[in-house]
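Trainee: Contents of my_file_4.pdb (PDB, C-alpha atoms) are given next:
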```pdb
ATOM      1  CA  MET U   1     -13.801   8.866   7.114
ATOM      2  CA  PRO U   2     -12.497   5.508   8.253
ATOM      3  CA  THR U   3     -10.895   5.265  11.648
ATOM      4  CA  THR U   4      -7.503   3.791  12.382
ATOM      5  CA  GLY U   5      -7.988   3.324  16.099
ATOM      6  CA  ASN U   6      -5.415   4.494  18.584
ATOM      7  CA  ASP U   7      -2.284   2.854  17.216
ATOM      8  CA  PRO U   8       0.119   5.694  16.356
ATOM      9  CA  ASP U   9       1.504   3.733  13.410
ATOM     10  CA  ALA U  10      -1.806   2.583  11.964
ATOM     11  CA  CYS U  11      -2.501   3.244   8.317
ATOM     12  CA  ILE U  12      -5.114   2.207   5.823
ATOM     13  CA  GLN U  13      -4.432   0.272   2.666
ATOM     14  CA  ASP U  14      -6.185   2.320  -0.015
ATOM     15  CA  GLY U  15      -5.848   1.193  -3.620
ATOM     16  CA  GLY U  16      -7.804   4.265  -4.698
ATOM     17  CA  ALA U  17      -5.209   6.688  -3.369
ATOM     18  CA  SER U  18      -2.490   7.827  -5.737
ATOM     19  CA  THR U  19       0.237   8.149  -3.129
ATOM     20  CA  LEU U  20       1.118   7.700   0.523
ATOM     21  CA  LEU U  21      -0.816  10.484   2.153
ATOM     22  CA  ALA U  22      -1.565  11.521   5.720
ATOM     23  CA  GLY U  23      -3.028  14.362   7.702
ATOM     24  CA  SER U  24      -0.572  16.412   9.722
ATOM     25  CA  GLU U  25      -2.158  15.208  12.976
ATOM     26  CA  TYR U  26      -1.464  11.560  12.147
ATOM     27  CA  VAL U  27       2.043  12.286  10.892
ATOM     28  CA  LEU U  28       2.926  14.253  14.008
ATOM     29  CA  ARG U  29       1.403  11.573  16.212
ATOM     30  CA  TYR U  30       3.526   8.940  14.459
ATOM     31  CA  LEU U  31       6.641  11.103  14.798
ATOM     32  CA  THR U  32       5.883  11.701  18.466
ATOM     33  CA  TRP U  33       5.659   7.961  19.006
ATOM     34  CA  LEU U  34       8.947   7.415  17.149
ATOM     35  CA  GLU U  35      10.547  10.052  19.326
ATOM     36  CA  LEU U  36       9.241   8.415  22.482
ATOM     37  CA  ILE U  37      10.726   5.052  21.508
ATOM     38  CA  GLY U  38      14.090   6.697  21.011
ATOM     39  CA  MET U  39      14.314   7.712  17.378
ATOM     40  CA  ASP U  40      15.939  10.955  16.316
ATOM     41  CA  VAL U  41      13.046  12.498  14.396
ATOM     42  CA  GLU U  42      14.657  15.921  14.128
ATOM     43  CA  HIS U  43      16.869  14.594  11.354
ATOM     44  CA  LEU U  44      14.147  13.003   9.263
ATOM     45  CA  GLN U  45      14.040  14.412   5.758
ATOM     46  CA  PHE U  46      11.252  16.863   5.079
ATOM     47  CA  LYS U  47      10.863  18.632   1.748
ATOM     48  CA  ARG U  48       8.559  21.367   0.616
ATOM     49  CA  CYS U  49       6.181  20.509  -2.213
ATOM     50  CA  ASP U  50       3.010  21.706  -3.869
ATOM     51  CA  LYS U  51       0.889  18.704  -4.675
ATOM     52  CA  GLY U  52      -2.857  18.875  -5.183
ATOM     53  CA  VAL U  53      -4.925  16.102  -3.683
ATOM     54  CA  LYS U  54      -8.516  15.276  -4.548
ATOM     55  CA  PHE U  55     -10.880  13.219  -2.455
ATOM     56  CA  GLY U  56     -14.155  11.524  -3.200
ATOM     57  CA  GLY U  57     -17.110  13.861  -2.707
ATOM     58  CA  GLY U  58     -15.357  16.808  -4.330
ATOM     59  CA  GLY U  59     -13.005  17.665  -1.483
ATOM     60  CA  GLU U  60      -9.595  19.031  -2.382
ATOM     61  CA  SER U  61      -6.438  19.804  -0.493
ATOM     62  CA  VAL U  62      -2.836  20.697  -1.149
ATOM     63  CA  SER U  63       0.199  19.039   0.340
ATOM     64  CA  ARG U  64       2.947  21.523   1.186
ATOM     65  CA  TRP U  65       5.317  19.035   2.802
ATOM     66  CA  MET U  66       6.532  15.549   2.226
ATOM     67  CA  VAL U  67       8.510  13.426   4.645
ATOM     68  CA  GLN U  68      10.529  10.243   4.466
ATOM     69  CA  LEU U  69       8.696   8.209   7.067
ATOM     70  CA  PRO U  70      10.541   5.309   8.683
ATOM     71  CA  ALA U  71       8.603   2.069   8.421
ATOM     72  CA  LYS U  72       8.875  -1.625   9.104
ATOM     73  CA  LEU U  73       6.678  -3.738   6.918
ATOM     74  CA  GLY U  74       6.930  -7.440   7.484
ATOM     75  CA  ASP U  75      10.537  -8.006   8.399
ATOM     76  CA  LYS U  76      11.918  -5.235   6.209
ATOM     77  CA  VAL U  77      12.875  -1.787   7.429
ATOM     78  CA  GLY U  78      12.748   1.194   5.139
ATOM     79  CA  ARG U  79      11.502   4.650   4.412
ATOM     80  CA  MET U  80       8.482   5.789   2.447
ATOM     81  CA  GLN U  81       7.825   9.247   1.138
ATOM     82  CA  CYS U  82       4.587  10.535   2.576
ATOM     83  CA  PHE U  83       2.711  13.636   1.488
ATOM     84  CA  VAL U  84       1.371  15.623   4.411
ATOM     85  CA  ILE U  85      -1.892  17.522   4.224
ATOM     86  CA  PHE U  86      -3.204  19.753   6.961
ATOM     87  CA  GLY U  87      -5.780  18.096   9.180
ATOM     88  CA  ALA U  88      -6.812  14.756  10.563
ATOM     89  CA  ALA U  89      -6.924  12.521   7.498
ATOM     90  CA  PRO U  90      -5.616   9.069   8.429
ATOM     91  CA  MET U  91      -2.528   7.644   6.767
ATOM     92  CA  LEU U  92      -3.499   6.173   3.428
ATOM     93  CA  LEU U  93      -1.165   3.689   1.794
ATOM     94  CA  GLY U  94      -1.832   4.410  -1.867
ATOM     95  CA  ARG U  95      -1.645   2.237  -4.946
ATOM     96  CA  PRO U  96       1.856   3.178  -6.217
ATOM     97  CA  ILE U  97       3.381   2.344  -2.854
ATOM     98  CA  LEU U  98       1.407  -0.899  -2.705
ATOM     99  CA  GLU U  99       2.707  -1.771  -6.175
ATOM    100  CA  MET U 100       6.283  -1.069  -5.134
ATOM    101  CA  LEU U 101       5.798  -3.213  -2.052
ATOM    102  CA  ASN U 102       4.464  -6.070  -4.207
ATOM    103  CA  ALA U 103       1.244  -6.069  -2.235
ATOM    104  CA  ALA U 104      -0.969  -9.080  -2.733
ATOM    105  CA  VAL U 105      -4.382  -8.586  -1.199
ATOM    106  CA  ASP U 106      -6.917 -11.287  -0.476
ATOM    107  CA  PHE U 107     -10.012  -9.272   0.358
ATOM    108  CA  GLY U 108     -12.175 -12.352   0.827
ATOM    109  CA  GLY U 109      -9.760 -13.829   3.289
ATOM    110  CA  LYS U 110      -8.953 -10.416   4.783
ATOM    111  CA  ARG U 111      -5.272 -11.059   4.309
ATOM    112  CA  MET U 112      -2.428  -9.198   2.699
ATOM    113  CA  SER U 113       1.178  -9.886   1.881
ATOM    114  CA  LEU U 114       3.851  -7.236   1.367
ATOM    115  CA  LEU U 115       7.380  -7.517  -0.003
ATOM    116  CA  GLY U 116       6.909 -11.178  -0.715
ATOM    117  CA  GLY U 117       6.323 -12.010   2.931
ATOM    118  CA  ASP U 118       4.167 -14.864   4.104
ATOM    119  CA  CYS U 119       0.516 -14.158   4.571
ATOM    120  CA  LYS U 120      -0.781 -14.473   8.069
ATOM    121  CA  LYS U 121      -3.806 -13.163   9.890
ATOM    122  CA  SER U 122      -3.622 -10.837  12.817
ATOM    123  CA  ALA U 123      -6.478  -8.937  14.403
ATOM    124  CA  VAL U 124      -5.867  -5.227  14.749
ATOM    125  CA  ALA U 125      -8.698  -2.918  15.687
ATOM    126  CA  LYS U 126     -11.318  -5.167  14.120
ATOM    127  CA  ALA U 127      -9.307  -5.306  10.920
ATOM    128  CA  VAL U 128      -6.935  -7.966   9.747
ATOM    129  CA  ARG U 129      -3.429  -7.441   8.525
ATOM    130  CA  CYS U 130      -0.717  -9.818   7.589
ATOM    131  CA  PHE U 131       2.720  -9.872   6.154
TER
ATOM    132  CA  MET B   1      -7.632  -2.960   5.457
ATOM    133  CA  LEU B   2      -5.675  -1.659   8.403
ATOM    134  CA  LEU B   3      -1.893  -1.946   8.534
ATOM    135  CA  LYS B   4       0.854  -0.945  10.898
ATOM    136  CA  LEU B   5       3.713   1.139   9.557
ATOM    137  CA  ALA B   6       6.132  -0.076  12.187
ATOM    138  CA  ASP B   7       4.956  -3.550  12.989
ATOM    139  CA  GLY B   8       6.541  -4.959  16.122
ATOM    140  CA  VAL B   9       8.866  -1.990  16.633
ATOM    141  CA  THR B  10       9.523  -1.108  20.269
ATOM    142  CA  GLN B  11      12.852   0.713  19.961
ATOM    143  CA  GLY B  12      13.828   3.439  17.514
ATOM    144  CA  SER B  13      17.063   1.606  16.754
ATOM    145  CA  GLN B  14      15.036  -1.167  15.098
ATOM    146  CA  LEU B  15      14.346   1.251  12.231
ATOM    147  CA  ALA B  16      17.966   2.191  11.667
ATOM    148  CA  GLU B  17      19.033  -0.276   8.981
ATOM    149  CA  VAL B  18      17.135   0.842   5.900
ATOM    150  CA  GLN B  19      16.438  -1.917   3.365
ATOM    151  CA  PHE B  20      14.063  -0.052   1.063
ATOM    152  CA  ASP B  21      13.552   3.606   0.258
ATOM    153  CA  LEU B  22      10.465   4.579  -1.684
ATOM    154  CA  ILE B  23      10.568   8.034  -3.237
ATOM    155  CA  SER B  24       7.692   9.693  -5.044
ATOM    156  CA  GLU B  25       8.100  10.463  -8.728
ATOM    157  CA  ASP B  26       6.989  13.987  -7.902
ATOM    158  CA  ASP B  27      10.015  14.568  -5.714
ATOM    159  CA  ASP B  28      12.199  16.947  -7.655
ATOM    160  CA  HIS B  29      13.388  18.963  -4.676
ATOM    161  CA  ASP B  30      16.913  18.940  -3.374
ATOM    162  CA  GLN B  31      16.560  21.069  -0.294
ATOM    163  CA  VAL B  32      15.988  18.993   2.824
ATOM    164  CA  GLU B  33      14.477  20.545   5.936
ATOM    165  CA  THR B  34      13.824  19.357   9.457
ATOM    166  CA  LEU B  35      10.842  18.748  11.682
ATOM    167  CA  SER B  36      11.365  22.120  13.351
ATOM    168  CA  SER B  37      10.795  23.873  10.018
ATOM    169  CA  VAL B  38       7.598  21.923   9.450
ATOM    170  CA  LEU B  39       6.241  22.630  12.908
ATOM    171  CA  LYS B  40       6.998  26.295  12.467
ATOM    172  CA  ASP B  41       5.358  26.365   9.057
ATOM    173  CA  LEU B  42       2.248  24.567  10.332
ATOM    174  CA  ARG B  43       2.278  26.642  13.525
ATOM    175  CA  ALA B  44       2.119  23.357  15.377
ATOM    176  CA  GLU B  45       4.965  23.640  17.894
ATOM    177  CA  ASN B  46       2.618  23.739  20.871
ATOM    178  CA  GLY B  47       0.366  21.025  19.500
ATOM    179  CA  TYR B  48       3.345  18.737  18.975
ATOM    180  CA  ALA B  49       4.509  19.276  22.536
ATOM    181  CA  GLN B  50       1.059  18.400  23.874
ATOM    182  CA  MET B  51       0.938  15.341  21.649
ATOM    183  CA  THR B  52       3.905  13.880  23.495
ATOM    184  CA  ASP B  53       1.782  13.526  26.611
ATOM    185  CA  VAL B  54      -1.112  11.986  24.710
ATOM    186  CA  VAL B  55       1.010   9.423  22.871
ATOM    187  CA  GLY B  56       3.000   8.735  26.032
ATOM    188  CA  GLU B  57      -0.229   7.902  27.805
ATOM    189  CA  PHE B  58      -1.196   5.545  25.005
ATOM    190  CA  MET B  59       2.115   3.732  25.406
ATOM    191  CA  GLN B  60       1.443   2.883  29.046
ATOM    192  CA  PRO B  61       0.898  -0.871  29.360
ATOM    193  CA  ASP B  62      -2.452  -0.451  31.100
ATOM    194  CA  ALA B  63      -3.746   2.301  28.841
ATOM    195  CA  THR B  64      -6.828   1.352  26.891
ATOM    196  CA  LYS B  65      -7.395   4.656  25.154
ATOM    197  CA  LEU B  66      -5.838   8.035  24.638
ATOM    198  CA  ASN B  67      -5.988  10.336  27.600
ATOM    199  CA  MET B  68      -8.768  12.578  26.385
ATOM    200  CA  SER B  69     -10.111  13.889  29.663
ATOM    201  CA  ASP B  70     -13.883  14.271  29.826
ATOM    202  CA  THR B  71     -13.533  17.213  32.152
ATOM    203  CA  ALA B  72     -11.033  19.235  30.142
ATOM    204  CA  PHE B  73     -13.641  21.220  28.264
ATOM    205  CA  GLN B  74     -16.557  20.814  30.622
ATOM    206  CA  ALA B  75     -18.524  23.932  31.462
ATOM    207  CA  ASN B  76     -19.056  24.893  35.075
ATOM    208  CA  ASP B  77     -22.603  24.000  36.202
ATOM    209  CA  ASP B  78     -22.792  27.226  38.223
ATOM    210  CA  ASP B  79     -22.686  29.180  34.960
ATOM    211  CA  PHE B  80     -25.835  27.414  33.755
ATOM    212  CA  PRO B  81     -28.356  27.329  36.648
ATOM    213  CA  GLU B  82     -31.186  26.349  34.312
ATOM    214  CA  ALA B  83     -29.382  23.161  33.310
ATOM    215  CA  VAL B  84     -31.010  19.909  34.392
ATOM    216  CA  PRO B  85     -29.407  16.466  34.530
ATOM    217  CA  VAL B  86     -30.217  14.312  31.526
ATOM    218  CA  PRO B  87     -29.923  10.507  31.487
ATOM    219  CA  GLU B  88     -26.773   9.271  29.791
ATOM    220  CA  ARG B  89     -28.788   7.370  27.206
ATOM    221  CA  ALA B  90     -30.582  10.571  26.189
ATOM    222  CA  VAL B  91     -27.260  12.425  25.978
ATOM    223  CA  MET B  92     -25.833   9.774  23.687
ATOM    224  CA  LYS B  93     -28.937   9.934  21.514
ATOM    225  CA  LEU B  94     -28.595  13.713  21.247
ATOM    226  CA  GLU B  95     -24.928  13.347  20.391
ATOM    227  CA  ASP B  96     -25.777  10.899  17.632
ATOM    228  CA  ILE B  97     -28.368  13.265  16.192
ATOM    229  CA  CYS B  98     -25.958  16.209  16.323
ATOM    230  CA  ASN B  99     -23.157  14.220  14.733
ATOM    231  CA  GLN B 100     -25.459  13.013  11.997
ATOM    232  CA  GLN B 101     -26.705  16.503  11.233
ATOM    233  CA  SER B 102     -23.174  17.830  11.314
ATOM    234  CA  ALA B 103     -22.038  15.185   8.837
ATOM    235  CA  GLU B 104     -24.969  15.926   6.531
ATOM    236  CA  VAL B 105     -24.240  19.649   6.527
ATOM    237  CA  ARG B 106     -20.540  19.016   5.967
ATOM    238  CA  ASN B 107     -21.328  16.780   2.992
ATOM    239  CA  GLN B 108     -23.724  19.342   1.551
ATOM    240  CA  VAL B 109     -21.194  22.142   1.893
ATOM    241  CA  SER B 110     -18.357  20.133   0.367
ATOM    242  CA  GLY B 111     -20.657  19.301  -2.533
ATOM    243  CA  MET B 112     -21.554  22.960  -3.038
ATOM    244  CA  VAL B 113     -18.013  24.265  -3.085
ATOM    245  CA  PRO B 114     -17.231  23.123  -6.666
ATOM    246  CA  MET B 115     -20.594  24.477  -7.864
ATOM    247  CA  ALA B 116     -19.891  27.892  -6.360
ATOM    248  CA  ARG B 117     -16.749  28.423  -8.398
ATOM    249  CA  ASP B 118     -16.769  30.757 -11.377
ATOM    250  CA  GLY B 119     -17.717  29.071 -14.604
ATOM    251  CA  ALA B 120     -18.773  25.874 -12.903
ATOM    252  CA  ARG B 121     -21.148  23.732 -14.889
ATOM    253  CA  ALA B 122     -24.441  22.665 -13.442
ATOM    254  CA  LYS B 123     -24.173  19.253 -11.924
ATOM    255  CA  ALA B 124     -26.143  16.493 -13.561
ATOM    256  CA  PRO B 125     -28.683  14.954 -11.199
ATOM    257  CA  LEU B 126     -27.331  11.891  -9.511
ATOM    258  CA  PHE B 127     -29.543   8.857  -9.030
ATOM    259  CA  TRP B 128     -28.709   6.475  -6.270
ATOM    260  CA  GLU B 129     -30.202   3.147  -7.063
ATOM    261  CA  VAL B 130     -30.310   0.058  -4.933
ATOM    262  CA  TYR B 131     -30.719  -3.054  -7.001
ATOM    263  CA  VAL B 132     -32.724  -5.831  -5.492
ATOM    264  CA  GLY B 133     -34.153  -8.993  -6.899
ATOM    265  CA  GLU B 134     -34.128  -8.685 -10.657
ATOM    266  CA  GLY B 135     -32.779  -5.163 -10.628
ATOM    267  CA  ARG B 136     -36.014  -3.271 -11.082
ATOM    268  CA  LEU B 137     -35.862   0.504 -10.903
ATOM    269  CA  SER B 138     -37.487   2.026  -7.893
ATOM    270  CA  THR B 139     -40.600   4.105  -8.460
ATOM    271  CA  GLU B 140     -38.848   7.293  -7.378
ATOM    272  CA  ALA B 141     -35.912   6.757  -9.729
ATOM    273  CA  ALA B 142     -38.257   6.008 -12.615
ATOM    274  CA  LYS B 143     -40.152   9.232 -11.924
ATOM    275  CA  LEU B 144     -36.884  11.153 -12.072
ATOM    276  CA  GLY B 145     -36.184   9.808 -15.539
ATOM    277  CA  ALA B 146     -33.830   6.946 -14.866
ATOM    278  CA  GLY B 147     -34.133   4.429 -17.631
TER
END
```
What would you get if you wrote out this structure as structure tokens?

Mentor:
Amino acid sequence: MPTTGNDPDACIQDGGASTLLAGSEYVLRYLTWLELIGMDVEHLQFKRCDKGVKFGGGGESVSRWMVQLPAKLGDKVGRMQCFVIFGAAPMLLGRPILEMLNAAVDFGGKRMSLLGGDCKKSAVAKAVRCF
Amino acid sequence: MLLKLADGVTQGSQLAEVQFDLISEDDDHDQVETLSSVLKDLRAENGYAQMTDVVGEFMQPDATKLNMSDTAFQANDDDFPEAVPVPERAVMKLEDICNQQSAEVRNQVSGMVPMARDGARAKAPLFWEVYVGEGRLSTEAAKLGAG
């Protein structure tokens, strides 16, 4: 399992994932951080669901909750629906979300642009991100 | 590739003006619930409360890592009189071995779960092949029938 370091808002770009998905530990950690910086997390929208999730290696899980997670990608603020599974799976930014965000990935250059933003490099936990 | 969901955000108010709202196609539910309901359902009320301290520690300017105390779960030496000090290097080596074995067992078990289900088909043997040079098959793979 890849690591996302200690940043509470870290997530992994994963073109193999079919949705935005995260373990409950990472979601709650992100919400805790939002709460500590002054956001009213009690009024975030949670909905019950029943979505099966399959992982490489034969692992399976079921998401019982989804949440509209606040996000700021590049210079744009918004919300993204995230499916929550029980456990410590890191946040995975799946392909459909990447498509909707017009993600352009330059793996060779370790750069990525979202929502039409300019590409720039920035070192984060040995990885590189850019908007 | 690692990203940040709230890049550059230091105040909750910076996330107030929503410019995009991405909803899953699978969302056909109207009833909205709150964090309290989720915590209750996951039985995570206490864990969430403890998390506040951990994340708060991370947010300190001089914090380099989460406050995971080494002594929190440490056994009392008096309970284990036969214990002898071991060099740190040896401890780390043991940890690595244990973690590796744990990962191997976990992988084996997760692989066996689908096979244990009723009516499961036998899994075809899987050949892992590393191609080098001109892509010759390894002797072992050839013995196992890989063509």

Trainee: On this file, the PyMOL selection byres ((chain B) within 6 of (chain U)) gives some set of residues; write that set as a PyMOL selection string.

Mentor: chain B and resi 1-7+11-12+15+18-23+32-35+52

Trainee: Name the residues that the PyMOL selection byres ((chain U and resi 53) around 9) picks from the file above, as a list in words, using the file's chain letters and numbers.

Mentor: Ser18, Lys51, Gly52, Lys54, Phe55, Gly59, Glu60, Ser61, Val62, Ser63 and Ile85 of chain U

Trainee: Please report, as AutoDock Vina command-line options, the centre and edge lengths in Å to one decimal of an axis-aligned box covering all listed atoms of stretch 12-22 of chain U with 8 Å per side.

Mentor:
```
--center_x -3.3 --center_y 5.9 --center_z 0.0 --size_x 24.9 --size_y 27.2 --size_z 27.6
```

Trainee: Name the residues that the PyMOL selection byres ((chain B and resi 44) around 12) picks from the file above, as a list of chain:residue names, using the file's chain letters and numbers.

Mentor: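 Against this file, the PyMOL selection byres ((chain B and resi 44) around 12) returns the residues U:Ser24, U:Glu25, U:Val27, U:Leu28, U:Arg29, U:Phe86, U:Gly87, B:Leu35, B:Ser36, B:Ser37, B:Val38, B:Leu39, B:Lys40, B:Asp41, B:Leu42, B:Arg43, B:Glu45, B:Asn46, B:Gly47, B:Tyr48, B:Ala49, B:Gln50, B:Met51.
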